[in-house]
$ cat protein-v8.txt   # compact mmCIF, C-alpha atoms
# COMPACT_ATOMS: atom_id res chain seq x y z
CA MET Y 21 73.88 122.44 51.91
CA SER Y 22 75.37 123.75 55.09
CA ALA Y 23 75.92 127.41 55.76
CA VAL Y 24 78.41 129.09 57.96
CA ILE Y 25 76.91 131.05 60.85
CA ASP Y 26 80.02 132.42 62.39
CA GLU Y 27 82.25 134.38 60.02
CA ASP Y 28 85.45 133.23 61.68
CA PRO Y 29 87.78 131.72 59.05
CA ARG Y 30 88.09 128.50 61.04
CA VAL Y 31 84.42 127.67 60.64
CA ASN Y 32 84.68 126.81 56.98
CA GLY Y 33 87.28 124.17 57.74
CA ILE Y 34 84.98 122.76 60.39
CA LYS Y 35 81.96 122.70 58.08
CA THR Y 36 83.78 120.73 55.41
CA LYS Y 37 84.70 118.03 57.92
CA ILE Y 38 81.13 117.14 58.84
CA ARG Y 39 79.93 114.15 56.86
CA VAL Y 40 76.32 113.77 55.82
CA VAL Y 41 75.04 110.19 55.86
CA PRO Y 42 71.75 109.79 53.98
CA ASP Y 43 68.89 107.70 55.33
CA PHE Y 44 70.25 107.24 58.83
CA PRO Y 45 68.74 106.20 61.20
CA LYS Y 46 65.83 105.89 58.77
CA PRO Y 47 64.95 106.83 55.17
CA GLY Y 48 64.70 110.53 54.46
CA ILE Y 49 66.98 111.66 57.27
CA MET Y 50 70.28 113.27 56.27
CA PHE Y 51 72.38 112.48 59.34
CA GLN Y 52 75.05 115.00 60.34
CA ASP Y 53 78.06 112.90 61.26
CA ILE Y 54 80.63 114.74 63.39
CA THR Y 55 82.94 111.74 63.77
CA THR Y 56 84.81 112.80 60.64
CA LEU Y 57 85.50 116.17 62.25
CA LEU Y 58 87.03 114.36 65.23
CA LEU Y 59 89.49 112.69 62.85
CA ASP Y 60 90.98 116.08 61.98
CA PRO Y 61 92.90 117.33 65.01
CA LYS Y 62 93.02 120.91 63.72
CA ALA Y 63 89.29 121.06 62.95
CA PHE Y 64 88.43 119.50 66.31
CA LYS Y 65 90.72 121.93 68.14
CA ASP Y 66 89.29 124.89 66.20
CA THR Y 67 85.77 123.79 67.17
CA VAL Y 68 86.63 123.72 70.85
CA ASP Y 69 88.59 126.98 70.61
CA LEU Y 70 85.65 128.82 69.05
CA PHE Y 71 83.41 127.86 71.96
CA VAL Y 72 86.10 128.52 74.56
CA GLU Y 73 86.79 131.99 73.18
CA ARG Y 74 83.10 132.78 73.41
CA TYR Y 75 82.56 131.47 76.95
CA LYS Y 76 85.80 132.16 78.80
CA GLY Y 77 85.56 134.84 81.46
CA ARG Y 78 81.77 134.85 81.58
CA ASN Y 79 81.49 133.31 85.02
CA ILE Y 80 80.18 130.00 83.68
CA SER Y 81 80.85 127.38 86.34
CA VAL Y 82 78.94 124.46 84.77
CA VAL Y 83 79.13 122.89 81.34
CA ALA Y 84 76.36 120.31 80.91
CA GLY Y 85 76.80 117.86 78.05
CA ILE Y 86 74.04 115.71 76.58
CA GLU Y 87 74.76 112.01 76.16
CA ALA Y 88 76.62 110.89 74.16
CA ARG Y 89 78.05 113.33 71.62
CA GLY Y 90 77.77 116.20 74.08
CA PHE Y 91 80.31 114.23 76.13
CA ILE Y 92 82.86 114.69 73.36
CA PHE Y 93 82.61 118.49 73.07
CA GLY Y 94 81.55 119.53 76.56
CA PRO Y 95 84.55 118.36 78.63
CA PRO Y 96 87.26 120.09 76.57
CA ILE Y 97 85.27 123.33 76.80
CA ALA Y 98 84.74 122.86 80.54
CA LEU Y 99 88.43 122.19 81.16
CA ALA Y 100 89.49 125.25 79.19
CA ILE Y 101 87.10 127.67 80.88
CA GLY Y 102 87.59 126.24 84.37
CA ALA Y 103 84.04 124.92 84.77
CA LYS Y 104 82.82 121.59 86.05
CA PHE Y 105 81.38 119.09 83.60
CA VAL Y 106 77.95 117.59 84.25
CA PRO Y 107 76.81 114.67 82.09
CA LEU Y 108 73.09 114.59 81.27
CA ARG Y 109 72.17 111.01 80.60
CA LYS Y 110 69.52 108.61 79.38
CA PRO Y 111 67.55 106.88 82.15
CA LYS Y 112 69.24 104.45 84.55
CA LYS Y 113 72.81 105.30 83.56
CA LEU Y 114 73.70 107.65 86.41
CA PRO Y 115 74.35 105.66 89.59
CA GLY Y 116 73.40 108.17 92.27
CA GLU Y 117 70.21 110.00 93.08
CA VAL Y 118 68.89 111.81 90.01
CA ILE Y 119 66.30 114.26 88.84
CA SER Y 120 64.54 113.34 85.57
CA GLU Y 121 62.93 115.38 82.85
CA GLU Y 122 60.63 113.79 80.33
CA TYR Y 123 60.33 115.13 76.79
CA THR Y 124 58.36 114.19 73.71
CA LEU Y 125 59.73 112.54 70.61
CA GLU Y 126 58.09 112.22 67.22
CA TYR Y 127 56.60 108.99 68.53
CA GLY Y 128 56.45 108.59 72.30
CA SER Y 129 58.69 110.20 74.86
CA ASP Y 130 62.13 109.94 76.39
CA CYS Y 131 63.81 111.08 79.57
CA LEU Y 132 67.00 112.92 80.51
CA GLU Y 133 68.59 112.70 83.97
CA MET Y 134 71.08 114.65 86.07
CA HIS Y 135 72.66 113.81 89.41
CA VAL Y 136 71.22 115.54 92.44
CA GLY Y 137 73.85 117.90 93.81
CA ALA Y 138 75.76 118.27 90.57
CA VAL Y 139 74.87 121.94 90.31
CA ASP Y 140 74.25 124.53 92.99
CA LYS Y 141 71.61 127.24 93.05
CA GLY Y 142 72.72 130.33 91.22
CA GLU Y 143 75.43 128.71 89.13
CA CYS Y 144 75.72 129.84 85.52
CA ALA Y 145 75.51 126.97 83.05
CA LEU Y 146 76.23 126.25 79.42
CA VAL Y 147 74.47 123.35 77.68
CA VAL Y 148 76.42 121.57 74.94
CA ASP Y 149 75.36 119.08 72.30
CA ASP Y 150 76.62 118.31 68.80
CA LEU Y 151 73.38 119.28 67.08
CA ILE Y 152 70.00 120.92 67.66
CA ALA Y 153 67.08 119.56 65.66
CA THR Y 154 63.60 119.99 67.19
CA GLY Y 155 65.13 121.27 70.43
CA GLY Y 156 63.33 118.71 72.59
CA THR Y 157 66.45 117.31 74.23
CA LEU Y 158 68.03 120.72 74.78
CA CYS Y 159 64.80 121.98 76.30
CA ALA Y 160 64.77 119.02 78.70
CA ALA Y 161 68.40 119.73 79.57
CA MET Y 162 67.65 123.36 80.35
CA ASN Y 163 64.69 122.32 82.51
CA LEU Y 164 66.90 120.02 84.57
CA LEU Y 165 69.43 122.74 85.21
CA GLU Y 166 66.80 125.34 86.02
CA ARG Y 167 64.97 122.99 88.38
CA ALA Y 168 68.26 122.62 90.27
CA GLY Y 169 68.46 126.40 90.52
CA ALA Y 170 71.12 127.05 87.91
CA GLU Y 171 70.83 129.79 85.32
CA VAL Y 172 71.32 128.65 81.73
CA VAL Y 173 73.40 131.28 79.98
CA GLU Y 174 73.33 129.75 76.51
CA CYS Y 175 73.00 126.54 74.54
CA ALA Y 176 75.91 125.71 72.27
CA CYS Y 177 75.86 123.28 69.35
CA LEU Y 178 78.06 122.66 66.35
CA ILE Y 179 75.11 122.26 63.99
CA GLU Y 180 71.56 123.56 63.74
CA LEU Y 181 68.76 122.28 61.50
CA PRO Y 182 66.89 125.59 61.35
CA GLU Y 183 63.81 124.26 59.53
CA LEU Y 184 62.96 122.23 62.64
CA LYS Y 185 62.76 125.47 64.65
CA GLY Y 186 64.53 124.09 67.72
CA ARG Y 187 65.69 127.59 68.53
CA ASP Y 188 62.12 128.51 69.47
CA ARG Y 189 61.94 125.81 72.12
CA LEU Y 190 64.66 127.19 74.36
CA HIS Y 191 62.54 129.40 76.66
CA GLY Y 192 63.94 132.49 75.00
CA LYS Y 193 67.49 131.50 75.93
CA PRO Y 194 70.14 132.17 73.33
CA LEU Y 195 71.51 129.49 71.05
CA TYR Y 196 74.95 129.64 69.50
CA VAL Y 197 75.88 127.36 66.61
CA LEU Y 198 78.76 127.18 64.17
CA VAL Y 199 77.03 125.70 61.15
CA GLU Y 200 73.47 125.49 59.81
CA TYR Y 201 72.29 122.62 57.65
CA LEU Y 202 69.50 123.60 55.30
CA MET J 3 102.32 107.96 117.57
CA ILE J 4 101.89 110.40 114.79
CA HIS J 5 98.94 112.71 115.12
CA ALA J 6 96.72 111.21 112.46
CA PRO J 7 94.40 114.12 111.52
CA SER J 8 97.17 116.46 110.44
CA LEU J 9 98.67 113.68 108.42
CA LEU J 10 95.36 113.05 106.70
CA ARG J 11 95.53 116.44 105.06
CA CYS J 12 98.90 115.72 103.67
CA PRO J 13 98.81 114.21 100.22
CA PHE J 14 101.87 112.23 101.12
CA PHE J 15 100.00 110.41 103.84
CA PHE J 16 99.35 107.49 101.56
CA PHE J 17 102.97 107.30 100.62
CA PHE J 18 104.05 107.15 104.20
CA PHE J 19 101.88 104.17 104.92
CA PHE J 20 102.84 102.36 101.78
CA PHE J 21 106.33 102.88 102.94
CA PHE J 22 105.84 102.11 106.60
CA PHE J 23 103.67 99.05 106.49
CA SER J 24 104.83 97.19 103.47
CA SER J 25 107.07 94.32 104.33
CA SER J 26 107.62 91.83 101.57
CA SER J 27 107.66 93.36 98.15
CA PRO J 28 105.98 91.59 95.32
CA PRO J 29 108.40 90.12 92.78
CA PRO J 30 109.55 92.58 90.14
CA PRO J 31 107.56 92.42 86.94
CA PRO J 32 109.05 90.67 83.92
CA ALA J 33 111.04 93.23 81.99
CA ALA J 34 109.23 92.74 78.71
CA SER J 35 105.75 93.55 80.04
CA CYS J 36 104.34 96.51 81.83
CA ILE J 37 102.36 94.59 84.39
CA LEU J 38 102.07 96.52 87.57
CA PRO J 39 103.15 94.59 90.69
CA PRO J 40 100.09 93.84 92.82
CA PRO J 41 99.66 96.38 95.62
CA PRO J 42 99.75 95.28 99.27
CA LEU J 43 95.98 95.30 99.65
CA LEU J 44 95.86 94.11 103.23
CA ARG J 45 97.99 96.96 104.41
CA LEU J 46 95.95 99.39 102.42
CA HIS J 47 92.92 98.43 104.45
CA VAL J 48 94.71 100.00 107.40
CA ILE J 49 95.28 103.17 105.44
CA SER J 50 91.70 103.18 104.32
CA SER J 51 90.18 103.02 107.80
CA LEU J 52 92.55 105.58 109.27
CA ALA J 53 92.09 107.97 106.40
CA ARG J 54 88.32 107.48 106.41
CA THR J 55 88.28 107.00 102.67
CA PRO J 56 85.02 105.70 101.26
CA ILE J 57 84.12 102.02 101.53
CA SER J 58 85.94 101.07 98.39
CA LEU J 59 89.57 101.24 99.13
CA ARG J 60 91.97 103.19 97.06
CA CYS J 61 95.56 102.81 96.30
CA SER J 62 97.36 104.91 93.86
CA ALA J 63 99.28 103.33 91.06
CA ALA J 64 101.44 105.03 88.56
CA ASP J 65 104.10 103.69 86.26
CA SER J 66 104.44 99.94 86.25
CA ARG J 67 108.18 99.62 86.27
CA SER J 68 108.96 100.15 89.98
CA PRO J 69 110.66 97.11 91.46
CA SER J 70 109.62 97.77 95.02
CA ASN J 71 106.78 99.37 96.93
CA ARG J 72 109.13 101.91 98.37
CA GLU J 73 110.09 103.16 94.95
CA MET J 74 106.51 102.96 93.79
CA ALA J 75 105.49 105.19 96.69
CA ALA J 76 108.27 107.64 96.02
CA GLN J 77 107.32 107.92 92.39
CA GLN J 78 103.64 108.52 93.04
CA ASP J 79 102.40 111.78 91.83
CA PRO J 80 100.86 114.02 94.50
CA ARG J 81 97.88 114.70 92.25
CA LEU J 82 96.69 111.11 92.56
CA ALA J 83 95.37 111.47 96.09
CA GLY J 84 93.02 114.26 95.07
CA ILE J 85 91.87 112.27 92.07
CA ALA J 86 91.17 109.14 94.10
CA ALA J 87 89.34 111.12 96.76
CA SER J 88 87.04 112.71 94.22
CA ILE J 89 85.64 109.40 92.94
CA ARG J 90 82.39 108.42 94.61
CA VAL J 91 81.37 104.85 95.36
CA ILE J 92 77.70 103.98 95.01
CA PRO J 93 76.78 100.67 96.66
CA ASP J 94 74.43 98.24 94.95
CA PHE J 95 74.42 99.85 91.51
CA PRO J 96 73.39 98.68 88.97
CA LYS J 97 72.48 95.74 91.18
CA ALA J 98 72.94 94.43 94.72
CA GLY J 99 76.52 93.63 95.64
CA ILE J 100 78.21 95.88 93.14
CA MET J 101 80.17 98.89 94.44
CA PHE J 102 79.93 101.28 91.49
CA GLN J 103 82.85 103.64 90.91
CA ASP J 104 81.24 106.95 90.01
CA ILE J 105 83.57 109.35 88.18
CA THR J 106 80.93 112.08 87.79
CA THR J 107 82.04 113.56 91.10
CA LEU J 108 85.58 113.85 89.73
CA LEU J 109 84.17 115.84 86.82
CA LEU J 110 82.68 118.29 89.33
CA ASP J 111 86.14 118.93 90.78
CA VAL J 112 87.83 121.19 88.26
CA LYS J 113 91.32 120.59 89.60
CA ALA J 114 90.92 116.81 89.84
CA PHE J 115 89.57 116.59 86.30
CA ARG J 116 92.38 118.73 84.97
CA ASP J 117 94.99 116.74 86.88
CA THR J 118 93.57 113.49 85.50
CA ILE J 119 93.96 114.69 81.94
CA ASP J 120 97.40 116.14 82.63
CA LEU J 121 98.65 112.84 84.03
CA PHE J 122 97.62 111.00 80.88
CA VAL J 123 98.90 113.74 78.57
CA ASP J 124 102.29 113.81 80.31
CA ARG J 125 102.59 110.10 79.67
CA TYR J 126 101.40 109.99 76.07
CA LYS J 127 102.61 113.13 74.37
CA ASP J 128 105.55 112.74 71.99
CA LYS J 129 105.02 109.00 71.70
CA GLY J 130 103.88 109.06 68.07
CA ILE J 131 100.29 108.30 69.02
CA SER J 132 97.99 109.50 66.25
CA VAL J 133 94.73 107.91 67.47
CA VAL J 134 92.91 108.07 70.78
CA ALA J 135 89.99 105.62 70.80
CA GLY J 136 87.39 106.16 73.51
CA ILE J 137 84.84 103.60 74.61
CA GLU J 138 81.22 104.76 74.84
CA ALA J 139 80.17 106.59 76.89
CA ARG J 140 82.54 107.54 79.72
CA GLY J 141 85.55 107.06 77.46
CA PHE J 142 84.08 109.97 75.45
CA ILE J 143 84.64 112.25 78.44
CA PHE J 144 88.34 111.50 78.97
CA GLY J 145 89.51 110.55 75.49
CA PRO J 146 88.91 113.82 73.61
CA PRO J 147 90.79 116.13 75.99
CA ILE J 148 93.75 113.77 75.82
CA ALA J 149 93.53 113.57 72.02
CA LEU J 150 93.37 117.35 71.68
CA ALA J 151 96.36 117.85 73.94
CA ILE J 152 98.59 115.31 72.18
CA GLY J 153 97.46 116.26 68.65
CA ALA J 154 95.81 112.92 67.89
CA LYS J 155 92.47 112.22 66.31
CA PHE J 156 89.62 110.94 68.45
CA VAL J 157 87.75 107.80 67.41
CA PRO J 158 84.56 106.88 69.27
CA LEU J 159 83.98 103.14 69.78
CA ARG J 160 80.25 102.70 70.12
CA LYS J 161 77.45 100.30 70.97
CA PRO J 162 75.72 98.79 67.91
CA LYS J 163 73.69 100.97 65.54
CA LYS J 164 74.88 104.31 66.86
CA LEU J 165 77.51 105.10 64.23
CA PRO J 166 75.85 106.25 61.02
CA GLY J 167 78.41 105.16 58.44
CA GLU J 168 79.84 101.82 57.47
CA VAL J 169 81.27 100.05 60.53
CA ILE J 170 83.29 97.08 61.63
CA SER J 171 82.09 95.25 64.73
CA GLU J 172 83.71 93.16 67.41
CA GLU J 173 81.67 90.90 69.62
CA TYR J 174 82.63 90.11 73.21
CA SER J 175 81.18 88.02 75.99
CA LEU J 176 79.43 89.28 79.10
CA GLU J 177 78.60 87.35 82.22
CA TYR J 178 75.34 86.45 80.49
CA GLY J 179 75.29 86.73 76.72
CA THR J 180 77.36 88.94 74.43
CA ASP J 181 77.71 92.56 73.38
CA LYS J 182 79.36 94.38 70.50
CA ILE J 183 81.39 97.48 69.90
CA GLU J 184 81.73 99.23 66.56
CA MET J 185 84.10 101.59 64.79
CA HIS J 186 83.69 103.50 61.55
CA VAL J 187 85.44 102.05 58.54
CA GLY J 188 88.20 104.44 57.54
CA ALA J 189 88.54 106.08 60.94
CA VAL J 190 92.02 104.66 61.35
CA GLU J 191 94.72 103.54 58.93
CA ALA J 192 97.03 100.55 59.08
CA GLY J 193 100.26 101.44 60.81
CA GLU J 194 98.83 104.13 63.07
CA ARG J 195 99.62 104.00 66.76
CA ALA J 196 96.64 104.12 69.12
CA LEU J 197 95.77 104.69 72.74
CA ILE J 198 92.50 103.23 74.07
CA VAL J 199 90.76 105.14 76.85
CA ASP J 200 87.95 104.21 79.22
CA ASP J 201 87.04 105.31 82.74
CA LEU J 202 87.45 101.89 84.31
CA ILE J 203 88.72 98.37 83.61
CA ALA J 204 86.88 95.57 85.36
CA THR J 205 86.95 92.18 83.62
CA GLY J 206 88.65 93.69 80.57
CA GLY J 207 86.07 92.36 78.13
CA THR J 208 85.28 95.69 76.50
CA LEU J 209 88.89 96.81 76.33
CA ASN J 210 89.92 93.50 74.84
CA ALA J 211 87.26 93.89 72.16
CA ALA J 212 88.52 97.41 71.44
CA ILE J 213 92.08 96.13 71.04
CA ARG J 214 90.94 93.43 68.62
CA LEU J 215 88.90 95.94 66.61
CA LEU J 216 91.89 98.23 66.12
CA GLU J 217 94.36 95.42 65.46
CA ARG J 218 92.10 93.94 62.80
CA VAL J 219 92.66 97.03 60.69
CA GLY J 220 96.39 97.07 61.24
CA VAL J 221 96.66 99.61 64.02
CA GLU J 222 99.30 99.25 66.74
CA VAL J 223 97.76 99.57 70.17
CA TYR J 224 100.36 101.35 72.26
CA GLU J 225 98.57 101.11 75.61
CA CYS J 226 95.19 101.05 77.33
CA ALA J 227 94.59 103.88 79.77
CA CYS J 228 91.92 103.96 82.46
CA LEU J 229 91.34 106.09 85.52
CA MET J 230 90.52 103.05 87.59
CA GLU J 231 91.21 99.35 87.78
CA LEU J 232 89.47 96.66 89.82
CA PRO J 233 92.49 94.35 90.05
CA GLU J 234 90.61 91.44 91.61
CA LEU J 235 88.69 91.03 88.37
CA LYS J 236 91.97 90.41 86.54
CA GLY J 237 91.12 92.58 83.57
CA ARG J 238 94.80 93.22 83.03
CA GLU J 239 95.34 89.58 82.13
CA ARG J 240 92.61 89.71 79.52
CA LEU J 241 94.56 92.33 77.63
CA GLY J 242 97.22 89.79 76.75
CA ASP J 243 100.46 91.47 75.90
CA LYS J 244 98.99 94.96 75.78
CA PRO J 245 100.11 97.24 78.58
CA LEU J 246 97.62 98.91 80.87
CA PHE J 247 98.11 102.17 82.70
CA VAL J 248 95.76 103.23 85.48
CA LEU J 249 95.73 106.05 88.00
CA VAL J 250 93.82 104.41 90.82
CA GLN J 251 93.09 100.83 91.83
CA SER J 252 90.14 99.84 93.92
CA SER J 253 89.39 96.68 95.81
CA VAL J 254 85.72 95.87 95.71
CA ASP J 255 83.50 92.87 96.05
CA ALA J 256 82.06 92.93 92.61
CA HIS J 257 81.25 90.91 89.59
CA ASP J 258 79.33 91.47 86.38
CA HIS J 259 81.36 94.48 85.27
CA HIS J 260 82.06 95.59 81.72
$ encode --input "protein-v8.txt" --output "structure tokens"
Amino acid sequence: MSAVIDEDPRVNGIKTKIRVVPDFPKPGIMFQDITTLLLDPKAFKDTVDLFVERYKGRNISVVAGIEARGFIFGPPIALAIGAKFVPLRKPKKLPGEVISEEYTLEYGSDCLEMHVGAVDKGECALVVDDLIATGGTLCAAMNLLERAGAEVVECACLIELPELKGRDRLHGKPLYVLVEYL
Amino acid sequence: MIHAPSLLRCPFFFFFFFFFFSSSSPPPPPAASCILPPPPLLRLHVISSLARTPISLRCSAADSRSPSNREMAAQQDPRLAGIAASIRVIPDFPKAGIMFQDITTLLLDVKAFRDTIDLFVDRYKDKGISVVAGIEARGFIFGPPIALAIGAKFVPLRKPKKLPGEVISEEYSLEYGTDKIEMHVGAVEAGERALIVDDLIATGGTLNAAIRLLERVGVEVYECACLMELPELKGRERLGDKPLFVLVQSSVDAHDHH
């Protein structure tokens, strides 16, 4: 079952809107589907508001969102806090010059890319994705931003799967989530 | 002659040249459709070289109902120039000959990104739109802020096998072969009114597939909204009777777009 991390009364409404789809993408995985949350304008707005309230006024000038579901939550947060939005993408999607960061999967590896020049040295960044599992992708995202000279202030996700210990893979950087799935 | 550099800083520069150089106006659009009259591209080349805009030329387009270029220019929102200027063109991506319209630079410009959303929100609020459907992946960047601002739900339209629940699929043709987009069953209900959002319309294949997907389940597609259009690829025609609204048009030598 999922547990509420943040005690704010809005979080319970958010939690109930996340749909669990068993055996996707393969048997044994209980997939956390946030598309049902997006169908509820109030729950979606509350989600964004919770992040915005936390990050407004903290001098964050970059919100980096991980393809593709990070593209849904990152931009509204960026717009509300007055930060730029930087998409972090799978290989060969970004058209300009990129820096790449490889990371390991259960079987094999994958790569995340960011445009050269998207962030400047010394900028404060927030990394956004819908969910943290093993933390591999978030770790790669943080590496990209740090290699470009930005400082990652926090990683923000709607959902955490705490048993996979992704939190420990974030170089000691803080992680903020709304809901845990146990 | 007018001192060009000082004019270049003025957002109304574009309007002046639309105004000054256009001679014959295109015929007014048929009243029943929202087809935008074709812009005077030749004259815009002059603007482009004087203004030192990037290789791909930009003209700003707003509402489709203006009967003449003069009125079109007068109605153009001053935010459009900043939006157009923030889009980067990458030559030869993903392959030689294609001038890729890169919106990631717009996302780095806080004001331009905000203005982009505001322009769409101004147009679509209070129109009874309950669904904003965004096409993976760049439609996911622009669709949700619009949806949130107008109080609509957001429905992601995705490449195959990404959505975890039961889906309906719509196939569409590419230059070589076919592709598919998918939507969750139950995301929308018959009778809802929808807006479809993507960053760019080229041939219109993907947007057309999105329209069909929504109409199959009884949704009324109110309009398609994109930041950019490549009018030479005639995507607008592929949308049939569905209106299209874009902020910026670009003339490029390109083919093999989505």
$ interface_residues --input "protein-v8.txt" --of "chain J" --to "chain Y" --cutoff "10 Å" --atoms "only C-alpha atoms" --output "ChimeraX atom specification"
/J:90-96,102-104,106-113,115-116,119,132-134,136,138-158,160,163-168,186,188-190
$ closest_residue --input "protein-v8.txt" --among "J:Ala98, J:Leu215, J:Ile89, J:Cys226" --to "Ser252 of chain J" --atoms "all atoms listed in the file"
J:Ile89
$ axis_aligned_box --input "protein-v8.txt" --around "segment 84-89 of chain Y" --padding-each-side "8 Å" --output "AutoDock Vina command-line options"
--center_x 76.0 --center_y 115.6 --center_z 76.3 --size_x 20.0 --size_y 25.4 --size_z 25.3
$ atom_distance --input "protein-v8.txt" --atom1 "atom CA of Gly179 of chain J" --atom2 "atom CA of Leu235 of chain J"
18.3 Å
$ closest_residue --input "protein-v8.txt" --among "J:Ile137, J:Ile131, J:Ala114, J:Leu176" --to "Leu209 of chain J" --atoms "only C-alpha atoms"
J:Ile137
$ atom_distance --input "protein-v8.txt" --atom1 "atom CA of Pro111 of chain Y" --atom2 "atom CA of Ala153 of chain Y"
20.8 Å
$ build_atoms --input "protein-v8.txt" --residues "segment 161-173 of chain Y" --atoms "N, CA, C and O atoms" --output "mmCIF file, keeping the file's coordinate frame"
data_model
loop_
_atom_site.group_PDB
_atom_site.id
_atom_site.type_symbol
_atom_site.label_atom_id
_atom_site.label_comp_id
_atom_site.auth_asym_id
_atom_site.auth_seq_id
_atom_site.Cartn_x
_atom_site.Cartn_y
_atom_site.Cartn_z
ATOM 1 N N ALA Y 161 67.140 119.452 78.866
ATOM 2 C CA ALA Y 161 68.400 119.730 79.570
ATOM 3 C C ALA Y 161 68.317 121.035 80.344
ATOM 4 O O ALA Y 161 68.719 121.123 81.510
ATOM 5 N N MET Y 162 67.786 122.056 79.689
ATOM 6 C CA MET Y 162 67.650 123.360 80.350
ATOM 7 C C MET Y 162 66.718 123.243 81.556
ATOM 8 O O MET Y 162 66.980 123.828 82.612
ATOM 9 N N ASN Y 163 65.635 122.493 81.397
ATOM 10 C CA ASN Y 163 64.690 122.320 82.510
ATOM 11 C C ASN Y 163 65.372 121.683 83.710
ATOM 12 O O ASN Y 163 65.160 122.096 84.848
ATOM 13 N N LEU Y 164 66.185 120.680 83.464
ATOM 14 C CA LEU Y 164 66.900 120.020 84.570
ATOM 15 C C LEU Y 164 67.767 121.006 85.321
ATOM 16 O O LEU Y 164 67.770 121.055 86.553
ATOM 17 N N LEU Y 165 68.516 121.797 84.568
ATOM 18 C CA LEU Y 165 69.430 122.740 85.210
ATOM 19 C C LEU Y 165 68.655 123.809 85.967
ATOM 20 O O LEU Y 165 69.017 124.175 87.089
ATOM 21 N N GLU Y 166 67.580 124.283 85.368
ATOM 22 C CA GLU Y 166 66.800 125.340 86.020
ATOM 23 C C GLU Y 166 66.079 124.821 87.254
ATOM 24 O O GLU Y 166 65.994 125.521 88.268
ATOM 25 N N ARG Y 167 65.618 123.589 87.192
ATOM 26 C CA ARG Y 167 64.970 122.990 88.380
ATOM 27 C C ARG Y 167 65.960 122.879 89.538
ATOM 28 O O ARG Y 167 65.584 122.956 90.694
ATOM 29 N N ALA Y 168 67.228 122.698 89.216
ATOM 30 C CA ALA Y 168 68.260 122.620 90.270
ATOM 31 C C ALA Y 168 68.729 124.003 90.696
ATOM 32 O O ALA Y 168 69.625 124.130 91.529
ATOM 33 N N GLY Y 169 68.153 125.042 90.097
ATOM 34 C CA GLY Y 169 68.460 126.400 90.520
ATOM 35 C C GLY Y 169 69.567 127.082 89.750
ATOM 36 O O GLY Y 169 69.983 128.190 90.092
ATOM 37 N N ALA Y 170 70.061 126.423 88.700
ATOM 38 C CA ALA Y 170 71.120 127.050 87.910
ATOM 39 C C ALA Y 170 70.495 127.975 86.868
ATOM 40 O O ALA Y 170 69.325 127.845 86.517
ATOM 41 N N GLU Y 171 71.295 128.901 86.386
ATOM 42 C CA GLU Y 171 70.830 129.790 85.320
ATOM 43 C C GLU Y 171 71.515 129.371 84.023
ATOM 44 O O GLU Y 171 72.748 129.327 83.965
ATOM 45 N N VAL Y 172 70.716 129.038 83.002
ATOM 46 C CA VAL Y 172 71.320 128.650 81.730
ATOM 47 C C VAL Y 172 71.658 129.909 80.952
ATOM 48 O O VAL Y 172 70.773 130.694 80.609
ATOM 49 N N VAL Y 173 72.918 130.092 80.681
ATOM 50 C CA VAL Y 173 73.400 131.280 79.980
ATOM 51 C C VAL Y 173 73.177 131.154 78.480
ATOM 52 O O VAL Y 173 72.771 132.109 77.817
#
